[in-house]
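Asker: Can you keep this structure in mind? I'll have questions shortly.
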Amino acid sequence: MSSPHASPRTGALSVRRLLPPGLLFALPFLTLFAVFMLWPLGQGLWMSLTDQSLSAHDPSYVGLDNFTEALKDAEMWRALGHTVWFTVLSTVPLVAVALGMALLVHTGLPGQWVWRLAFFAPYLLPVGVVSLLWIWLYQPDLGLYNHLLDLLGLDQVAWLSDESVAMWAIVLTTLWWTVGFNFLLYLAALQSIPDHLYEAAAIDGAGAWRRLWSVTLPQLSRITMVITVLQILASLKVFDQVYLLTKGGPNNSTRPVIEYVYDIGFTGYRLGYASAISYIFFALVILASAAQYTALRRREK
């Protein structure tokens, strides 16, 4: 006679029959993903359809009113324009400078580990340290850059308080801080290029520049596309260094859209409206990612 109580082994076997083995292995990750990603996304979407506020505990449903207001909000579009402008200004040097640094190291400079450490070390610093360091460098009277301008006989620059210069100062700080990551990706890609390609080019009489244009750069085309896509997505999410360096100033001339969401939600207490702006920005990022993915697929074909 069989026992009325199923053994743990029998229960485990029944679960394995119901769920594919791959799903069982992925179940811990899927659980965490649902709790920390899907659930907040759903909560934020519901919040964007209400007039949720930090000063009120009983929000009411307002439908698409927050989205309608956001699409008519000139300040939101201005902040979005600042975000796009920062992305344009930062992406090109963060790709080009990283490539140049990787090529220098890959050519066999003496003390390569020192160069690698020097190029990558700033990326390991927290944003608070980086911002504090560059605030001192940008100081009007005591900063290093204005001191160098004085030595050259040039006028001082209000790096963080001049509307025409502040965004460039943020881009320069971001370049110094984050270029090391792209440098590391390029260096790994350079080391994976087969040596026989360079040997064949040398046999054909190709010089250093010809090998660079005809062998190295074509071999790096795929990683360049990957780095460009990653850099665009990272630049679109800019917030930390802007907030710490300029707080979006002067006169909101550097305020990105994420800082505008922060100001609306935690300074203006309008969490529902801030959520709606967040989802509009999220949709625009998804569209930009889809366009980049389509362009990448077409390039591969």
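Residue numbering restarts at 1 in every chain; chains get A, B, ... in the order shown in the structure tokens, and ligands count up from 1 in that same order.
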Might you pull out every residue within 9 Å of Arg270 in chain A, with only C-alpha atoms counted and same-chain residues fewer than 3 positions away left off, and present them as a tab-separated table (two decimals) with N, CA and C atoms, in the first residue's frame?
Answerer:
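The new file around-v7.tsv reads:
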chain	number	residue	atom	x	y	z
A	51	ASP	N	-3.21	61.75	-10.19
A	51	ASP	CA	-2.64	63.01	-9.72
A	51	ASP	C	-1.86	62.80	-8.43
A	52	GLN	N	-1.15	61.69	-8.35
A	52	GLN	CA	-0.36	61.35	-7.17
A	52	GLN	C	0.57	62.49	-6.79
A	53	SER	N	0.61	62.80	-5.50
A	53	SER	CA	1.45	63.88	-5.01
A	53	SER	C	2.06	63.47	-3.69
A	54	LEU	N	3.23	64.03	-3.40
A	54	LEU	CA	3.86	63.76	-2.11
A	54	LEU	C	3.08	64.37	-0.95
A	55	SER	N	2.24	65.34	-1.24
A	55	SER	CA	1.47	66.01	-0.19
A	55	SER	C	0.06	65.47	-0.05
A	264	ILE	N	10.23	68.14	-10.84
A	264	ILE	CA	8.77	68.09	-10.82
A	264	ILE	C	8.28	67.15	-9.71
A	265	GLY	N	8.92	66.01	-9.57
A	265	GLY	CA	8.44	65.01	-8.63
A	265	GLY	C	8.77	65.30	-7.19
A	266	PHE	N	10.01	65.76	-6.91
A	266	PHE	CA	10.45	65.88	-5.53
A	266	PHE	C	10.59	67.32	-5.05
A	267	THR	N	10.50	68.28	-5.97
A	267	THR	CA	10.46	69.69	-5.57
A	267	THR	C	9.05	70.24	-5.74
A	273	TYR	N	2.57	63.55	-12.51
A	273	TYR	CA	3.03	64.27	-13.70
A	273	TYR	C	4.48	63.90	-14.02
A	274	ALA	N	5.33	63.78	-13.00
A	274	ALA	CA	6.71	63.37	-13.22
A	274	ALA	C	6.78	61.98	-13.83
A	275	SER	N	5.91	61.08	-13.41
A	275	SER	CA	5.88	59.73	-13.98
A	275	SER	C	5.50	59.77	-15.45
Asker: Applying 9 Å and only C-alpha atoms, which residues near range 126-131 of chain A remain after dropping the ones on its own chain fewer than 3 positions away? List them as a ChimeraX atom specification.
Answerer: /A:122-123,134-136,173,177,240-242,244-245
Asker: Distance table requested - range 187-301 of chain A against range 65-70 of chain A, cut-off 8 Å, only C-alpha atoms: one row per qualifying residue with the closest atom pair and its distance in Å to one decimal, ordered by chain and rising residue number, as JSON lines.
Answerer:
{"residue": "A:Gly272", "atom": "CA", "partner": "A:Asn66", "partner_atom": "CA", "distance": 7.2}
{"residue": "A:Tyr273", "atom": "CA", "partner": "A:Asn66", "partner_atom": "CA", "distance": 5.2}
{"residue": "A:Ala276", "atom": "CA", "partner": "A:Phe67", "partner_atom": "CA", "distance": 5.6}
{"residue": "A:Ile277", "atom": "CA", "partner": "A:Ala70", "partner_atom": "CA", "distance": 6.2}
{"residue": "A:Ile280", "atom": "CA", "partner": "A:Phe67", "partner_atom": "CA", "distance": 7.7}
Asker: So how many Å separate CA of Leu24 in chain A and CA of Gly42 in chain A, to one decimal?
Answerer: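 It comes out at 24.8 Å.
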Asker: Write out as a ChimeraX atom specification each polymer residue whose atoms come within 9 Å of range 81-83 of chain A, counting only C-alpha atoms; drop sequence neighbours fewer than 6 positions from it.
Answerer: /A:167,235-238,253-258
Asker: For the interface of range 133-247 of chain A with range 93-100 of chain A (cut-off 9 Å, counting only C-alpha atoms), please tabulate each contacting residue of range 133-247 of chain A alongside its nearest pair of atoms and their separation in Å to one decimal, rows sorted by chain and increasing number, as a tab-separated table.
Answerer:
residue	atom	partner	partner_atom	distance
A:Thr174	CA	A:Leu94	CA	8.6
A:Leu175	CA	A:Leu94	CA	5.9
A:Trp176	CA	A:Leu94	CA	8.9
A:Thr178	CA	A:Leu94	CA	7.8
A:Val179	CA	A:Leu94	CA	5.5
A:Gly180	CA	A:Ala98	CA	7.0
A:Phe181	CA	A:Ala98	CA	8.2
A:Asn182	CA	A:Ala98	CA	5.6
A:Phe183	CA	A:Ala98	CA	4.4
A:Leu184	CA	A:Ala98	CA	8.2
A:Leu185	CA	A:Ala98	CA	8.8
A:Tyr186	CA	A:Leu99	CA	6.2
A:Leu187	CA	A:Leu99	CA	8.2
A:Thr224	CA	A:Val95	CA	7.6
A:Ile227	CA	A:Val95	CA	7.1
A:Thr228	CA	A:Val95	CA	6.7
A:Gln231	CA	A:Leu94	CA	7.7
Asker: Store the residues picked out above in a file with all heavy atoms, as a short mmCIF file (atom, residue, chain, number, x, y, z; two decimals), in the first residue's frame.
Answerer:
data_model
loop_
_atom_site.label_atom_id
_atom_site.label_comp_id
_atom_site.auth_asym_id
_atom_site.auth_seq_id
_atom_site.Cartn_x
_atom_site.Cartn_y
_atom_site.Cartn_z
N THR A 174 32.69 64.66 -18.28
CA THR A 174 32.19 63.32 -18.62
C THR A 174 33.19 62.55 -19.46
O THR A 174 33.38 61.33 -19.28
CB THR A 174 30.85 63.43 -19.36
OG1 THR A 174 29.93 64.20 -18.57
CG2 THR A 174 30.25 62.05 -19.63
N LEU A 175 33.85 63.25 -20.39
CA LEU A 175 34.86 62.60 -21.22
C LEU A 175 35.99 62.04 -20.36
O LEU A 175 36.40 60.88 -20.52
CB LEU A 175 35.40 63.60 -22.24
CG LEU A 175 36.57 63.13 -23.11
CD1 LEU A 175 36.15 61.98 -24.01
CD2 LEU A 175 37.10 64.30 -23.96
N TRP A 176 36.52 62.85 -19.46
CA TRP A 176 37.62 62.40 -18.60
C TRP A 176 37.18 61.24 -17.71
O TRP A 176 37.95 60.30 -17.47
CB TRP A 176 38.10 63.56 -17.74
CG TRP A 176 39.21 63.20 -16.80
CD1 TRP A 176 40.55 63.16 -17.08
CD2 TRP A 176 39.08 62.82 -15.43
NE1 TRP A 176 41.26 62.78 -15.95
CE2 TRP A 176 40.38 62.56 -14.93
CE3 TRP A 176 37.99 62.66 -14.57
CZ2 TRP A 176 40.61 62.16 -13.62
CZ3 TRP A 176 38.21 62.27 -13.27
CH2 TRP A 176 39.51 62.02 -12.79
N THR A 178 34.50 58.93 -18.08
CA THR A 178 33.94 57.68 -18.60
C THR A 178 34.63 57.13 -19.83
O THR A 178 34.28 56.04 -20.29
CB THR A 178 32.45 57.88 -18.94
OG1 THR A 178 32.32 58.87 -19.97
CG2 THR A 178 31.67 58.32 -17.71
N VAL A 179 35.60 57.84 -20.40
CA VAL A 179 36.22 57.35 -21.64
C VAL A 179 36.98 56.06 -21.41
O VAL A 179 37.21 55.28 -22.35
CB VAL A 179 37.15 58.44 -22.23
CG1 VAL A 179 38.41 58.61 -21.39
CG2 VAL A 179 37.50 58.12 -23.68
N GLY A 180 37.39 55.77 -20.19
CA GLY A 180 38.15 54.57 -19.91
C GLY A 180 37.41 53.29 -20.23
O GLY A 180 38.04 52.29 -20.62
N PHE A 181 36.10 53.29 -20.06
CA PHE A 181 35.33 52.08 -20.36
C PHE A 181 35.37 51.78 -21.85
O PHE A 181 35.61 50.63 -22.26
CB PHE A 181 33.90 52.24 -19.88
CG PHE A 181 33.03 51.06 -20.16
CD1 PHE A 181 33.16 49.89 -19.42
CD2 PHE A 181 32.08 51.09 -21.17
CE1 PHE A 181 32.36 48.78 -19.67
CE2 PHE A 181 31.27 50.00 -21.44
CZ PHE A 181 31.41 48.84 -20.68
N ASN A 182 35.14 52.78 -22.68
CA ASN A 182 35.21 52.58 -24.13
C ASN A 182 36.62 52.21 -24.57
O ASN A 182 36.81 51.41 -25.50
CB ASN A 182 34.74 53.84 -24.86
CG ASN A 182 33.28 54.15 -24.60
OD1 ASN A 182 32.52 53.29 -24.17
ND2 ASN A 182 32.88 55.38 -24.85
N PHE A 183 37.61 52.81 -23.92
CA PHE A 183 39.01 52.47 -24.21
C PHE A 183 39.26 50.99 -23.97
O PHE A 183 39.93 50.32 -24.79
CB PHE A 183 39.92 53.33 -23.33
CG PHE A 183 41.25 52.70 -23.02
CD1 PHE A 183 42.24 52.65 -23.99
CD2 PHE A 183 41.51 52.18 -21.77
CE1 PHE A 183 43.47 52.07 -23.71
CE2 PHE A 183 42.72 51.60 -21.48
CZ PHE A 183 43.71 51.54 -22.45
N LEU A 184 38.72 50.45 -22.90
CA LEU A 184 38.94 49.03 -22.59
C LEU A 184 38.29 48.13 -23.63
O LEU A 184 38.86 47.11 -24.04
CB LEU A 184 38.38 48.73 -21.20
CG LEU A 184 39.00 47.55 -20.45
CD1 LEU A 184 40.48 47.80 -20.19
CD2 LEU A 184 38.27 47.31 -19.14
N LEU A 185 37.09 48.50 -24.10
CA LEU A 185 36.42 47.72 -25.14
C LEU A 185 37.22 47.74 -26.44
O LEU A 185 37.38 46.71 -27.11
CB LEU A 185 35.01 48.26 -25.37
CG LEU A 185 34.02 48.12 -24.22
CD1 LEU A 185 32.68 48.73 -24.59
CD2 LEU A 185 33.83 46.66 -23.82
N TYR A 186 37.72 48.91 -26.81
CA TYR A 186 38.50 49.01 -28.04
C TYR A 186 39.81 48.22 -27.92
O TYR A 186 40.24 47.56 -28.88
CB TYR A 186 38.82 50.47 -28.34
CG TYR A 186 37.84 51.12 -29.28
CD1 TYR A 186 37.22 52.32 -28.94
CD2 TYR A 186 37.54 50.56 -30.51
CE1 TYR A 186 36.32 52.94 -29.80
CE2 TYR A 186 36.65 51.16 -31.38
CZ TYR A 186 36.04 52.35 -31.02
OH TYR A 186 35.15 52.94 -31.87
N LEU A 187 40.44 48.27 -26.75
CA LEU A 187 41.70 47.57 -26.58
C LEU A 187 41.50 46.06 -26.70
O LEU A 187 42.31 45.37 -27.33
CB LEU A 187 42.30 47.92 -25.21
CG LEU A 187 43.71 47.37 -24.93
CD1 LEU A 187 44.70 47.92 -25.96
CD2 LEU A 187 44.14 47.74 -23.52
N THR A 224 32.78 49.39 -32.88
CA THR A 224 32.50 50.82 -32.91
C THR A 224 30.99 51.07 -32.88
O THR A 224 30.51 51.97 -32.17
CB THR A 224 33.10 51.46 -34.17
OG1 THR A 224 34.53 51.30 -34.14
CG2 THR A 224 32.77 52.94 -34.24
N ILE A 227 29.83 50.32 -29.27
CA ILE A 227 30.22 51.39 -28.36
C ILE A 227 29.37 52.63 -28.59
O ILE A 227 28.94 53.30 -27.64
CB ILE A 227 31.72 51.70 -28.52
CG1 ILE A 227 32.55 50.54 -27.99
CG2 ILE A 227 32.09 52.98 -27.80
CD1 ILE A 227 34.05 50.70 -28.22
N THR A 228 29.10 52.94 -29.84
CA THR A 228 28.28 54.12 -30.15
C THR A 228 26.88 53.97 -29.59
O THR A 228 26.32 54.91 -28.99
CB THR A 228 28.22 54.34 -31.67
OG1 THR A 228 29.55 54.49 -32.18
CG2 THR A 228 27.41 55.58 -32.00
N GLN A 231 27.02 54.24 -25.84
CA GLN A 231 27.31 55.60 -25.41
C GLN A 231 26.11 56.51 -25.57
O GLN A 231 25.85 57.37 -24.72
CB GLN A 231 28.50 56.14 -26.20
CG GLN A 231 29.04 57.45 -25.66
CD GLN A 231 29.43 57.32 -24.22
OE1 GLN A 231 30.28 56.53 -23.86
NE2 GLN A 231 28.80 58.11 -23.36
#
Asker: Out of range 143-244 of chain A, which residues get alpha helix (DSSP H) from DSSP, as a ChimeraX atom specification?
Answerer: /A:144-151,166-191,195-203,208-211,217-219,221-236,240-244
Asker: Counting only C-alpha atoms, which of A:Leu151, A:Met225, A:Ala200, A:Val215 gets nearest to Tyr293 in chain A?
Answerer: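 Using only C-alpha atoms, Tyr293 in chain A sits closest to A:Met225.
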Asker: Would you work out the distance separating CA of Leu233 in chain A from CA of Leu296 in chain A, expressed in Å to one decimal?
Answerer: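 Value for the CA of Leu233 in chain A-CA of Leu296 in chain A distance: 14.8 Å.
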